[in-house]
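For reference, upload_9.cif (mmCIF, C-alpha atoms):
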```cif
data_protein
loop_
_atom_site.label_atom_id
_atom_site.label_comp_id
_atom_site.auth_asym_id
_atom_site.auth_seq_id
_atom_site.Cartn_x
_atom_site.Cartn_y
_atom_site.Cartn_z
CA MET A 52 2.24 -29.34 70.66
CA THR A 53 3.77 -25.94 70.25
CA GLU A 54 5.57 -27.30 67.22
CA GLN A 55 2.27 -28.33 65.76
CA VAL A 56 0.85 -24.89 66.47
CA LYS A 57 3.93 -23.21 65.04
CA GLU A 58 3.76 -25.25 61.88
CA PRO A 59 0.32 -24.05 60.95
CA LYS A 60 1.37 -20.47 61.78
CA ALA A 61 4.43 -20.81 59.58
CA GLN A 62 2.31 -22.41 56.95
CA GLN A 63 -0.19 -19.59 57.31
CA LEU A 64 2.56 -17.00 56.89
CA ASN A 65 3.90 -18.91 53.91
CA ASN A 66 0.39 -19.09 52.41
CA GLN A 67 -0.09 -15.37 53.03
CA GLY A 68 3.16 -14.67 51.19
CA LYS A 69 2.05 -16.85 48.32
CA SER A 70 -1.34 -15.16 48.34
CA LYS A 71 0.29 -11.72 48.11
CA ASP A 72 2.52 -12.94 45.28
CA HIS A 73 -0.54 -14.39 43.55
CA GLN A 74 -2.43 -11.09 43.98
CA GLN A 75 0.48 -9.14 42.52
CA GLU A 76 0.65 -11.53 39.57
CA ASN A 77 -3.10 -11.14 39.04
CA GLN A 78 -2.80 -7.34 39.19
CA GLN A 79 0.06 -7.35 36.71
CA ASP A 80 -1.86 -9.72 34.45
CA CYS A 81 -4.96 -7.49 34.65
CA GLN A 82 -2.89 -4.40 33.91
CA SER A 83 -1.29 -6.12 30.94
CA ARG A 84 -4.68 -7.20 29.61
CA ASN A 85 -6.06 -3.72 30.20
CA GLN A 86 -3.18 -2.18 28.22
CA LYS A 87 -3.73 -4.62 25.36
CA LEU A 88 -7.46 -3.91 25.41
CA GLN A 89 -6.81 -0.14 25.38
CA GLN A 90 -4.48 -0.60 22.39
CA ILE A 91 -7.12 -2.63 20.54
CA ILE A 92 -9.76 0.02 21.30
CA LYS A 93 -7.42 2.77 20.04
CA GLU A 94 -6.73 0.85 16.82
CA CYS A 95 -10.46 0.27 16.30
CA GLU A 96 -11.22 3.95 16.87
CA GLU A 97 -8.52 4.93 14.35
CA GLU A 98 -9.92 2.46 11.83
CA ILE A 99 -13.46 3.73 12.35
CA SER A 100 -12.24 7.32 12.00
CA ALA A 101 -10.42 6.46 8.77
CA MET A 102 -13.52 4.70 7.44
CA ALA A 103 -15.68 7.70 8.36
CA GLN A 104 -13.25 10.03 6.58
CA THR A 105 -13.28 7.75 3.55
CA ALA A 106 -17.07 7.65 3.54
CA GLU A 107 -17.23 11.42 3.90
CA SER A 108 -14.72 12.06 1.11
CA CYS A 109 -16.59 9.63 -1.16
CA MET A 110 -19.89 11.38 -0.44
CA GLN A 111 -18.24 14.73 -1.13
CA GLU A 112 -16.91 13.53 -4.49
CA ILE A 113 -20.28 12.11 -5.56
CA TYR A 114 -22.01 15.32 -4.48
CA ARG A 115 -19.41 17.43 -6.30
CA ASN A 116 -20.14 15.49 -9.49
CA ALA A 117 -23.89 16.08 -9.17
CA LYS A 118 -23.35 19.79 -8.60
CA VAL A 119 -20.90 20.06 -11.53
CA GLY A 120 -23.47 18.37 -13.75
CA MET A 121 -26.09 20.90 -12.65
CA SER A 122 -23.72 23.84 -13.19
CA SER A 123 -22.74 22.57 -16.64
CA ILE A 124 -26.35 22.37 -17.70
CA GLU A 125 -27.11 25.83 -16.30
CA ILE A 126 -24.23 27.18 -18.40
CA LEU A 127 -24.90 25.20 -21.61
CA ARG A 128 -28.67 25.36 -21.80
CA PRO A 129 -28.91 29.01 -22.93
CA PHE A 130 -26.57 28.27 -25.84
CA SER A 131 -29.02 25.78 -27.38
CA GLU A 132 -31.95 26.85 -29.51
CA ASP A 133 -33.29 23.31 -30.00
CA LYS A 134 -36.30 22.65 -27.74
CA GLY A 135 -35.71 18.88 -27.69
CA PHE A 136 -32.09 19.30 -26.62
CA ARG A 137 -33.03 21.89 -24.00
CA ASN A 138 -35.68 19.52 -22.62
CA LEU A 139 -33.11 16.73 -22.38
CA LEU A 140 -30.77 19.03 -20.49
CA MET A 141 -33.56 20.04 -18.12
CA ARG A 142 -34.41 16.39 -17.44
CA GLN A 143 -30.76 15.68 -16.71
CA TYR A 144 -30.60 18.76 -14.48
CA SER A 145 -33.61 17.50 -12.51
CA GLU A 146 -31.98 14.11 -12.07
CA TYR A 147 -28.68 15.60 -10.84
CA ASN A 148 -30.61 17.96 -8.57
CA GLY A 149 -32.73 15.10 -7.17
CA LEU A 150 -29.63 13.08 -6.35
CA ALA A 151 -27.93 16.11 -4.77
CA LYS A 152 -31.01 16.81 -2.61
CA GLU A 153 -31.22 13.17 -1.55
CA MET A 154 -27.55 13.27 -0.55
CA GLU A 155 -28.04 16.54 1.36
CA ILE A 156 -30.82 14.98 3.43
CA TYR A 157 -28.82 11.82 4.08
CA CYS A 158 -25.70 13.76 5.05
CA ALA A 159 -27.63 16.15 7.30
CA ASN A 160 -29.03 13.12 9.16
CA HIS A 161 -25.55 11.57 9.47
CA ASN A 162 -23.59 14.74 10.39
CA ILE A 163 -21.62 14.78 7.14
CA GLU A 164 -20.81 18.21 5.80
CA LEU A 165 -21.11 18.65 2.04
CA LYS A 166 -19.36 21.52 0.34
CA SER A 167 -20.67 23.19 -2.78
CA ASN A 168 -18.46 23.94 -5.74
CA SER A 169 -16.65 27.24 -5.58
CA MET A 170 -17.76 30.25 -7.55
CA PHE A 171 -14.34 30.25 -9.21
CA SER A 172 -14.90 26.76 -10.67
CA LYS A 173 -18.31 27.84 -11.99
CA ILE A 174 -16.79 30.93 -13.62
CA MET A 175 -14.05 28.81 -15.18
CA MET A 176 -16.66 26.41 -16.57
CA PHE A 177 -18.60 29.31 -18.04
CA ILE A 178 -15.51 30.84 -19.66
CA THR A 179 -14.42 27.47 -21.08
CA THR A 180 -17.91 26.83 -22.45
CA ALA A 181 -18.15 30.30 -23.97
CA ILE A 182 -14.80 29.84 -25.70
CA ASN A 183 -15.69 26.34 -26.95
CA THR A 184 -18.99 27.55 -28.39
CA LEU A 185 -17.77 30.78 -29.97
CA LYS A 186 -17.92 29.41 -33.51
CA ASP A 187 -20.24 26.45 -33.05
CA LYS A 188 -23.35 26.40 -30.88
CA SER A 189 -24.85 23.33 -32.52
CA ASN A 190 -26.41 20.50 -30.53
CA SER A 191 -23.50 18.35 -31.63
CA LYS A 192 -20.94 20.73 -30.11
CA LEU A 193 -22.95 21.18 -26.91
CA SER A 194 -23.37 17.40 -26.62
CA GLU A 195 -19.65 16.96 -27.11
CA ILE A 196 -18.92 19.38 -24.26
CA MET A 197 -21.41 17.60 -21.98
CA ILE A 198 -20.02 14.18 -22.93
CA GLN A 199 -16.51 15.30 -22.05
CA GLY A 200 -17.77 16.38 -18.62
CA ILE A 201 -19.70 13.15 -18.16
CA ASN A 202 -16.61 11.12 -19.03
CA MET A 203 -14.67 12.98 -16.33
CA GLY A 204 -17.53 12.23 -13.93
CA ILE A 205 -17.48 8.53 -14.85
CA ILE A 206 -13.74 8.41 -14.16
CA SER A 207 -14.22 10.16 -10.82
CA ILE A 208 -17.07 7.89 -9.69
CA THR A 209 -15.19 4.78 -10.88
CA LYS A 210 -12.30 5.83 -8.62
CA VAL A 211 -14.75 6.23 -5.73
CA GLN A 212 -16.24 2.79 -6.37
CA ASN A 213 -12.79 1.20 -6.66
CA HIS A 214 -11.70 2.82 -3.40
CA LEU A 215 -14.86 1.62 -1.68
CA SER A 216 -14.31 -1.87 -3.08
CA ASP A 217 -10.75 -1.88 -1.72
CA THR A 218 -12.12 -1.17 1.76
CA ASN A 219 -15.00 -3.65 1.42
CA SER A 220 -17.46 -0.76 1.53
CA HIS A 221 -20.37 0.23 -0.65
CA ASN A 222 -22.21 3.48 -1.37
CA HIS A 223 -25.55 3.38 -3.14
CA PHE A 224 -25.16 7.06 -4.10
CA ALA A 225 -22.06 6.13 -6.11
CA ASP A 226 -24.09 3.47 -7.91
CA LYS A 227 -26.93 5.91 -8.58
CA MET A 228 -24.54 8.53 -9.89
CA MET A 229 -22.80 6.03 -12.15
CA MET A 230 -26.12 4.86 -13.63
CA LEU A 231 -27.19 8.48 -14.11
CA LEU A 232 -23.95 9.42 -15.85
CA GLN A 233 -24.07 6.39 -18.14
CA GLN A 234 -27.70 7.07 -19.10
CA ASN A 235 -26.99 10.75 -19.73
CA LEU A 236 -24.01 9.79 -21.87
CA GLU A 237 -26.18 7.51 -24.03
CA ASP A 238 -28.86 10.20 -24.36
CA LEU A 239 -26.35 12.83 -25.44
CA LYS A 240 -24.72 10.55 -28.03
CA LEU A 241 -27.91 10.88 -30.07
CA PHE A 242 -27.15 14.58 -30.61
CA LEU A 243 -23.56 14.15 -31.86
#
```

Could I get this structure in the form of structure tokens?
Amino acid sequence: MTEQVKEPKAQQLNNQGKSKDHQQENQQDCQSRNQKLQQIIKECEEEISAMAQTAESCMQEIYRNAKVGMSSIEILRPFSEDKGFRNLLMRQYSEYNGLAKEMEIYCANHNIELKSNSMFSKIMMFITTAINTLKDKSNSKLSEIMIQGINMGIISITKVQNHLSDTNSHNHFADKMMMLLQQNLEDLKLFL
């Protein structure tokens, strides 16, 4: 009878040992899973951060284009004496300004900081425009200057759209800016 009692005690001790081994295995398994989960979370956070930076840089580039368009018109408009051309420039200015304001509101609500163009770049644009219009202030010359700027804007926004496409992202401001640039290009061609 003592043998029978001893057997269950030995079996109990053996089971306890197995139970401790099983607990240690479970702990190690949980720790391993936890480490893998932490790694996945870290990778996701890095990806989200990169996407946020991409979105922010895209917004900044679109905004920069709108502000450059506004600055160009502010600089060129006084050179024109044609009321129809000046009205076209003012309409385009209003459209660039409307898009810039819409972006400012969106970015303020989404904690995205937009930076305005530097005073240096505005001064350089003014000097370049003044030099280019020294001999010729015709609507054709002014349109040519604006078209060159619009073409640079189209290239810039196309790069933004391509980058967004590569990351399976989309930005409706990029689409709006592209449509605006293309329409302004067509309108200015009439004055060449």

May I have the residues within 12 Å of A:His161 as a PyMOL selection string, using all atoms listed in the file and disregarding those fewer than 3 positions away in the same chain?
chain A and resi 103+106-107+110+154-158+164-165

Could you write out that same residue set with C-alpha atoms as a compact mmCIF listing (two decimals), in the frame of the given file?
```
# COMPACT_ATOMS: atom_id res chain seq x y z
CA ALA A 103 -15.68 7.70 8.36
CA ALA A 106 -17.07 7.65 3.54
CA GLU A 107 -17.23 11.42 3.90
CA MET A 110 -19.89 11.38 -0.44
CA MET A 154 -27.55 13.27 -0.55
CA GLU A 155 -28.04 16.54 1.36
CA ILE A 156 -30.82 14.98 3.43
CA TYR A 157 -28.82 11.82 4.08
CA CYS A 158 -25.70 13.76 5.05
CA GLU A 164 -20.81 18.21 5.80
CA LEU A 165 -21.11 18.65 2.04
```

Spatial neighbours of A:Phe242, 8 Å, only C-alpha atoms, chain gap at least 5 places, as a ChimeraX atom specification
/A:136,190-191,194

What would the file look like if the residues just selected were written as a short mmCIF file (atom, residue, chain, number, x, y, z; two decimals), keeping the file's coordinate frame with C-alpha atoms?
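Final output, part04.cif:
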```cif
data_model
loop_
_atom_site.label_atom_id
_atom_site.label_comp_id
_atom_site.auth_asym_id
_atom_site.auth_seq_id
_atom_site.Cartn_x
_atom_site.Cartn_y
_atom_site.Cartn_z
CA PHE A 136 -32.09 19.30 -26.62
CA ASN A 190 -26.41 20.50 -30.53
CA SER A 191 -23.50 18.35 -31.63
CA SER A 194 -23.37 17.40 -26.62
#
```

Output check: residues returned by the PyMOL selection byres ((chain A and resi 203) around 12), as a PyMOL selection string
chain A and resi 115-116+119-120+196-202+204-210+229+232-233+236

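Between A:Thr184 and the candidates A:Cys81, A:Met228, A:Ile113, A:Ile126, the tightest atom-to-atom separation, counting only C-alpha atoms, involves A:Ile126.
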
Hits from the PyMOL selection byres ((chain A and resi 124) around 10), listed as a list of chain:residue names
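Matching residues under the PyMOL selection byres ((chain A and resi 124) around 10) are A:Lys118, A:Val119, A:Gly120, A:Met121, A:Ser122, A:Ser123, A:Glu125, A:Ile126, A:Leu127, A:Arg128, A:Pro129, A:Arg137, A:Leu139, A:Leu140, A:Met141, A:Gln143, A:Tyr144, A:Tyr147, A:Leu193, A:Met197.
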
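In this model, the gap between atom CA of A:Lys240 and atom CA of A:Thr179 comes to 21.0 Å.
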